[in-house]
$ cat my_file32.txt   # compact mmCIF, N, CA, C and O atoms
# COMPACT_ATOMS: atom_id res chain seq x y z
N ALA A 1 132.76 169.23 52.92
CA ALA A 1 133.64 170.37 53.14
C ALA A 1 134.08 170.39 54.60
O ALA A 1 133.33 169.99 55.48
N LEU A 2 135.26 170.88 54.82
CA LEU A 2 135.80 170.97 56.17
C LEU A 2 135.50 172.35 56.76
O LEU A 2 135.50 173.34 56.04
N ASP A 3 135.26 172.38 58.09
CA ASP A 3 135.10 173.70 58.69
C ASP A 3 136.47 174.38 58.74
O ASP A 3 137.51 173.75 58.53
N VAL A 4 136.48 175.66 58.99
CA VAL A 4 137.70 176.47 58.89
C VAL A 4 138.80 175.96 59.83
O VAL A 4 139.97 175.91 59.46
N THR A 5 138.43 175.57 61.04
CA THR A 5 139.42 175.10 62.01
C THR A 5 140.08 173.81 61.54
O THR A 5 141.31 173.68 61.58
N ILE A 6 139.28 172.85 61.12
CA ILE A 6 139.81 171.57 60.64
C ILE A 6 140.64 171.80 59.38
O ILE A 6 141.72 171.22 59.22
N GLN A 7 140.16 172.65 58.49
CA GLN A 7 140.90 172.95 57.26
C GLN A 7 142.29 173.49 57.60
O GLN A 7 143.29 173.07 57.03
N ALA A 8 142.36 174.42 58.54
CA ALA A 8 143.64 175.00 58.94
C ALA A 8 144.56 173.93 59.53
O ALA A 8 145.76 173.91 59.24
N GLN A 9 144.01 173.02 60.33
CA GLN A 9 144.81 171.95 60.92
C GLN A 9 145.35 171.02 59.86
O GLN A 9 146.52 170.60 59.92
N VAL A 10 144.54 170.68 58.88
CA VAL A 10 144.99 169.81 57.79
C VAL A 10 146.10 170.50 56.98
O VAL A 10 147.11 169.87 56.65
N LEU A 11 145.92 171.77 56.67
CA LEU A 11 146.94 172.51 55.92
C LEU A 11 148.25 172.62 56.70
O LEU A 11 149.33 172.48 56.13
N GLU A 12 148.16 172.84 58.01
CA GLU A 12 149.35 172.89 58.85
C GLU A 12 150.06 171.54 58.87
O GLU A 12 151.29 171.48 58.80
N LEU A 13 149.29 170.46 58.98
CA LEU A 13 149.87 169.12 58.96
C LEU A 13 150.58 168.85 57.65
O LEU A 13 151.72 168.35 57.62
N LEU A 14 149.96 169.19 56.53
CA LEU A 14 150.59 169.00 55.23
C LEU A 14 151.89 169.80 55.12
O LEU A 14 152.89 169.30 54.61
N ALA A 15 151.88 171.03 55.63
CA ALA A 15 153.08 171.87 55.59
C ALA A 15 154.21 171.25 56.42
O ALA A 15 155.36 171.22 55.99
N ARG A 16 153.87 170.73 57.60
CA ARG A 16 154.89 170.09 58.45
C ARG A 16 155.45 168.84 57.79
O ARG A 16 156.67 168.62 57.80
N LEU A 17 154.58 168.01 57.23
CA LEU A 17 155.03 166.78 56.56
C LEU A 17 155.92 167.11 55.36
O LEU A 17 156.92 166.43 55.11
N LYS A 18 155.55 168.15 54.64
CA LYS A 18 156.33 168.58 53.48
C LYS A 18 157.76 168.91 53.89
O LYS A 18 158.73 168.48 53.27
N VAL A 19 157.90 169.69 54.96
CA VAL A 19 159.22 170.09 55.44
C VAL A 19 159.96 168.90 56.05
O VAL A 19 161.13 168.65 55.74
N GLN A 20 159.28 168.16 56.91
CA GLN A 20 159.91 167.06 57.64
C GLN A 20 160.45 165.98 56.71
O GLN A 20 161.54 165.46 56.92
N PHE A 21 159.69 165.64 55.68
CA PHE A 21 160.08 164.53 54.80
C PHE A 21 160.53 164.99 53.41
O PHE A 21 160.81 164.16 52.55
N GLY A 22 160.56 166.29 53.16
CA GLY A 22 160.97 166.79 51.86
C GLY A 22 160.00 166.39 50.76
O GLY A 22 160.42 166.07 49.64
N LEU A 23 158.72 166.42 51.07
CA LEU A 23 157.71 165.96 50.13
C LEU A 23 157.31 167.04 49.12
O LEU A 23 157.38 168.22 49.40
N ALA A 24 156.88 166.58 47.97
CA ALA A 24 156.16 167.43 47.02
C ALA A 24 154.71 166.98 47.12
O ALA A 24 154.42 165.78 47.22
N ILE A 25 153.78 167.91 47.11
CA ILE A 25 152.37 167.58 47.30
C ILE A 25 151.58 168.07 46.10
O ILE A 25 151.72 169.23 45.69
N VAL A 26 150.75 167.20 45.54
CA VAL A 26 149.80 167.61 44.50
C VAL A 26 148.51 167.93 45.23
O VAL A 26 147.90 167.06 45.85
N PHE A 27 148.10 169.18 45.19
CA PHE A 27 146.95 169.67 45.94
C PHE A 27 145.87 170.05 44.94
O PHE A 27 146.08 170.92 44.08
N ILE A 28 144.72 169.43 45.04
CA ILE A 28 143.63 169.66 44.09
C ILE A 28 142.49 170.35 44.84
O ILE A 28 142.00 169.83 45.83
N SER A 29 142.07 171.52 44.33
CA SER A 29 141.02 172.27 45.01
C SER A 29 140.37 173.27 44.06
O SER A 29 140.97 173.69 43.09
N HIS A 30 139.16 173.67 44.42
CA HIS A 30 138.48 174.77 43.73
C HIS A 30 138.64 176.06 44.52
O HIS A 30 138.19 177.11 44.08
N ASP A 31 139.26 175.99 45.68
CA ASP A 31 139.40 177.13 46.57
C ASP A 31 140.71 177.86 46.28
O ASP A 31 141.77 177.47 46.74
N LEU A 32 140.62 178.94 45.50
CA LEU A 32 141.82 179.67 45.10
C LEU A 32 142.57 180.28 46.27
O LEU A 32 143.80 180.40 46.23
N ALA A 33 141.88 180.67 47.32
CA ALA A 33 142.56 181.23 48.49
C ALA A 33 143.49 180.20 49.11
O ALA A 33 144.63 180.50 49.46
N VAL A 34 143.02 178.98 49.22
CA VAL A 34 143.84 177.91 49.79
C VAL A 34 144.96 177.54 48.82
O VAL A 34 146.11 177.36 49.21
N VAL A 35 144.63 177.43 47.55
CA VAL A 35 145.65 177.12 46.53
C VAL A 35 146.77 178.16 46.58
O VAL A 35 147.95 177.82 46.56
N ALA A 36 146.41 179.43 46.69
CA ALA A 36 147.41 180.50 46.75
C ALA A 36 148.28 180.38 47.99
O ALA A 36 149.46 180.69 47.95
N GLU A 37 147.70 179.91 49.07
CA GLU A 37 148.43 179.79 50.33
C GLU A 37 149.44 178.65 50.33
O GLU A 37 150.52 178.78 50.88
N VAL A 38 149.11 177.54 49.68
CA VAL A 38 149.94 176.34 49.82
C VAL A 38 150.79 176.01 48.59
O VAL A 38 151.61 175.11 48.66
N SER A 39 150.63 176.73 47.50
CA SER A 39 151.26 176.32 46.25
C SER A 39 152.43 177.21 45.84
O SER A 39 152.44 178.41 46.09
N HIS A 40 153.38 176.58 45.18
CA HIS A 40 154.47 177.31 44.53
C HIS A 40 154.21 177.38 43.03
O HIS A 40 154.49 178.37 42.39
N GLN A 41 153.67 176.29 42.49
CA GLN A 41 153.30 176.19 41.08
C GLN A 41 151.82 175.85 41.02
O GLN A 41 151.31 175.10 41.85
N ILE A 42 151.12 176.38 40.01
CA ILE A 42 149.69 176.11 39.85
C ILE A 42 149.43 175.69 38.41
O ILE A 42 149.94 176.28 37.47
N LEU A 43 148.62 174.65 38.28
CA LEU A 43 148.14 174.20 36.98
C LEU A 43 146.62 174.32 37.03
O LEU A 43 145.99 173.78 37.93
N VAL A 44 146.04 175.06 36.09
CA VAL A 44 144.60 175.28 36.04
C VAL A 44 144.03 174.43 34.92
O VAL A 44 144.48 174.52 33.77
N LEU A 45 143.04 173.61 35.26
CA LEU A 45 142.35 172.78 34.27
C LEU A 45 140.95 173.31 34.05
O LEU A 45 140.30 173.78 34.98
N GLU A 46 140.50 173.21 32.83
CA GLU A 46 139.11 173.51 32.49
C GLU A 46 138.63 172.40 31.56
O GLU A 46 139.17 172.23 30.46
N ARG A 47 137.67 171.64 32.04
CA ARG A 47 137.12 170.52 31.27
C ARG A 47 138.21 169.58 30.78
O ARG A 47 138.22 169.13 29.63
N GLY A 48 139.18 169.31 31.66
CA GLY A 48 140.24 168.37 31.34
C GLY A 48 141.37 168.93 30.50
O GLY A 48 142.31 168.22 30.18
N GLN A 49 141.30 170.19 30.14
CA GLN A 49 142.34 170.83 29.34
C GLN A 49 143.13 171.81 30.19
O GLN A 49 142.55 172.54 30.99
N VAL A 50 144.44 171.84 30.00
CA VAL A 50 145.27 172.79 30.74
C VAL A 50 144.99 174.19 30.22
O VAL A 50 145.11 174.45 29.02
N ARG A 51 144.57 175.08 31.12
CA ARG A 51 144.28 176.47 30.75
C ARG A 51 145.42 177.40 31.13
O ARG A 51 145.61 178.44 30.52
N ASP A 52 146.17 177.03 32.19
CA ASP A 52 147.26 177.88 32.64
C ASP A 52 148.19 177.04 33.50
O ASP A 52 147.76 176.08 34.13
N TYR A 53 149.46 177.42 33.51
CA TYR A 53 150.44 176.74 34.34
C TYR A 53 151.59 177.69 34.60
O TYR A 53 152.01 178.44 33.71
N GLY A 54 152.08 177.69 35.82
CA GLY A 54 153.26 178.50 36.12
C GLY A 54 153.40 178.76 37.60
O GLY A 54 152.73 178.14 38.43
N ALA A 55 154.29 179.69 37.91
CA ALA A 55 154.49 180.10 39.29
C ALA A 55 153.20 180.68 39.84
O ALA A 55 152.41 181.29 39.11
N ARG A 56 152.97 180.48 41.15
CA ARG A 56 151.73 180.91 41.80
C ARG A 56 151.38 182.36 41.45
O ARG A 56 150.26 182.63 40.98
N ASP A 57 152.29 183.29 41.68
CA ASP A 57 151.97 184.70 41.46
C ASP A 57 151.66 185.01 40.00
O ASP A 57 150.77 185.80 39.70
N ALA A 58 152.38 184.38 39.10
CA ALA A 58 152.14 184.62 37.67
C ALA A 58 150.75 184.14 37.27
O ALA A 58 150.03 184.84 36.54
N VAL A 59 150.36 182.97 37.73
CA VAL A 59 149.04 182.42 37.38
C VAL A 59 147.93 183.26 38.01
O VAL A 59 146.95 183.61 37.34
N LEU A 60 148.09 183.61 39.27
CA LEU A 60 147.03 184.35 39.95
C LEU A 60 146.92 185.79 39.48
O LEU A 60 145.89 186.43 39.67
N ASP A 61 147.95 186.30 38.83
CA ASP A 61 147.89 187.65 38.26
C ASP A 61 147.18 187.68 36.91
O ASP A 61 147.04 188.74 36.32
N ARG A 62 146.75 186.52 36.42
CA ARG A 62 146.02 186.45 35.14
C ARG A 62 144.58 186.04 35.41
O ARG A 62 144.15 184.97 35.02
N PRO A 63 143.77 186.88 36.05
CA PRO A 63 142.42 186.49 36.46
C PRO A 63 141.48 186.05 35.35
O PRO A 63 140.65 185.19 35.59
N PRO A 64 141.53 186.60 34.15
CA PRO A 64 140.57 186.11 33.15
C PRO A 64 140.69 184.61 32.90
O PRO A 64 139.70 183.96 32.64
N ILE A 65 141.87 184.07 33.02
CA ILE A 65 142.04 182.64 32.80
C ILE A 65 141.51 181.86 33.99
O ILE A 65 140.67 181.00 33.85
N HIS A 66 141.99 182.14 35.19
CA HIS A 66 141.59 181.32 36.32
C HIS A 66 140.17 181.57 36.79
O HIS A 66 139.53 180.69 37.30
N GLU A 67 139.63 182.77 36.60
CA GLU A 67 138.26 183.01 37.00
C GLU A 67 137.29 182.14 36.19
O GLU A 67 136.33 181.61 36.72
N LYS A 68 137.55 181.98 34.90
CA LYS A 68 136.69 181.11 34.09
C LYS A 68 136.79 179.67 34.57
O LYS A 68 135.80 178.99 34.75
N ALA A 69 138.00 179.21 34.81
CA ALA A 69 138.19 177.82 35.21
C ALA A 69 137.60 177.55 36.59
O ALA A 69 137.19 176.44 36.87
N PHE A 70 137.56 178.55 37.45
CA PHE A 70 137.05 178.35 38.80
C PHE A 70 135.65 178.91 38.99
O PHE A 70 135.27 179.30 40.07
N GLY A 71 134.87 178.96 37.93
CA GLY A 71 133.46 179.25 38.11
C GLY A 71 132.92 180.48 37.42
O GLY A 71 131.73 180.55 37.21
N GLY A 72 133.74 181.46 37.07
CA GLY A 72 133.29 182.71 36.47
C GLY A 72 132.16 182.57 35.48
O GLY A 72 131.03 182.27 35.84
N ASP A 73 132.41 182.77 34.22
CA ASP A 73 131.38 182.73 33.19
C ASP A 73 130.82 181.33 32.95
O ASP A 73 129.72 181.18 32.45
N LEU A 74 131.58 180.32 33.30
CA LEU A 74 131.14 178.96 33.01
C LEU A 74 130.33 178.34 34.14
O LEU A 74 129.85 177.23 34.01
N ASP A 75 130.16 179.04 35.25
CA ASP A 75 129.52 178.46 36.42
C ASP A 75 128.11 177.95 36.11
O ASP A 75 127.77 176.82 36.44
N ASN A 76 127.28 178.74 35.46
CA ASN A 76 125.92 178.31 35.15
C ASN A 76 125.93 177.12 34.20
O ASN A 76 125.16 176.18 34.36
N GLU A 77 126.78 177.16 33.20
CA GLU A 77 126.87 176.06 32.25
C GLU A 77 127.30 174.76 32.94
O GLU A 77 126.75 173.71 32.68
N ARG A 78 128.27 174.85 33.84
CA ARG A 78 128.73 173.67 34.56
C ARG A 78 127.62 173.07 35.40
O ARG A 78 127.44 171.87 35.46
N ARG A 79 126.86 173.92 36.10
CA ARG A 79 125.78 173.41 36.93
C ARG A 79 124.73 172.69 36.10
O ARG A 79 124.14 171.73 36.55
N GLN A 80 124.53 173.13 34.89
CA GLN A 80 123.53 172.51 34.03
C GLN A 80 124.01 171.18 33.45
O GLN A 80 123.21 170.30 33.20
N THR A 81 125.31 171.03 33.24
CA THR A 81 125.80 169.86 32.52
C THR A 81 126.54 168.84 33.38
O THR A 81 126.67 167.70 32.98
N THR A 82 127.04 169.23 34.56
CA THR A 82 127.81 168.30 35.38
C THR A 82 127.49 168.48 36.84
O THR A 82 126.99 169.50 37.27
N THR A 83 127.83 167.48 37.62
CA THR A 83 127.79 167.60 39.07
C THR A 83 129.18 168.02 39.50
O THR A 83 130.16 167.41 39.10
N ARG A 84 129.27 169.01 40.31
CA ARG A 84 130.55 169.57 40.71
C ARG A 84 130.98 168.99 42.06
O ARG A 84 130.24 169.05 43.03
N PHE A 85 132.16 168.40 42.10
CA PHE A 85 132.71 167.85 43.33
C PHE A 85 133.83 168.74 43.80
O PHE A 85 134.62 169.25 43.02
N ASP A 86 133.93 168.92 45.12
CA ASP A 86 134.99 169.76 45.70
C ASP A 86 135.59 169.01 46.86
O ASP A 86 134.88 168.53 47.74
N ALA A 87 136.91 168.92 46.89
CA ALA A 87 137.61 168.24 47.97
C ALA A 87 137.39 168.95 49.30
O ALA A 87 137.59 168.37 50.35
N GLY A 88 137.05 170.22 49.26
CA GLY A 88 136.74 170.95 50.48
C GLY A 88 137.95 171.49 51.20
O GLY A 88 137.83 172.04 52.28
N ILE A 89 139.13 171.33 50.65
CA ILE A 89 140.32 171.90 51.30
C ILE A 89 141.10 172.68 50.30
O ILE A 89 140.96 172.56 49.13
$ encode --input "my_file32.txt" --output "structure tokens"
Amino acid sequence: ALDVTIQAQVLELLARLKVQFGLAIVFISHDLAVVAEVSHQILVLERGQVRDYGARDAVLDRPPIHEKAFGGDLDNERRQTTTRFDAGI
């Protein structure tokens, strides 16, 4: 995981590159705060299945869907059955 300062620098760099080169970026994270900050569209996966997709505000306004996918009720089950990896940004 990155500390907060390094994380902010990486996100700023990605934002500059996006504007400078007209890039589209696929950003993968378990950190909804960061996802909300950098995304226009969000696709939520749960166990390899698409659980939700749409504009950032529309997806984040449906907490029962994204809370489960990002740890809510399934958190204990996931810890028991899989090792959880996080990109840290």
$ closest_residue --input "my_file32.txt" --among "A:Gly22, A:Ala8, A:Asp3, A:Val50" --to "Glu37 of chain A" --atoms "only C-alpha atoms"
A:Ala8
$ atom_distance --input "my_file32.txt" --atom1 "atom C of Ala33 of chain A" --atom2 "atom C of Phe21 of chain A"
23.2 Å
$ atom_distance --input "my_file32.txt" --atom1 "atom CA of Ala15 of chain A" --atom2 "atom N of Asp61 of chain A"
22.7 Å
$ residues_around --input "my_file32.txt" --residues "Val35 of chain A" --least-positions-apart "5" --cutoff "12 Å" --atoms "only C-alpha atoms" --output "PyMOL selection string"
chain A and resi 11+25-30+40-44+55-57+59-60+66+70+88-89
$ atom_distance --input "my_file32.txt" --atom1 "atom C of Leu32 of chain A" --atom2 "atom N of Val19 of chain A"
20.6 Å
$ select_by_dssp --input "my_file32.txt" --residues "segment 2-65 of chain A" --states "strand (DSSP E or B)" --output "list in words"
Gln41, Ile42, Leu43, Val44, Leu45, Glu46, Gln49, Val50, Arg51, Asp52, Tyr53, Gly54 and Ala55 of chain A
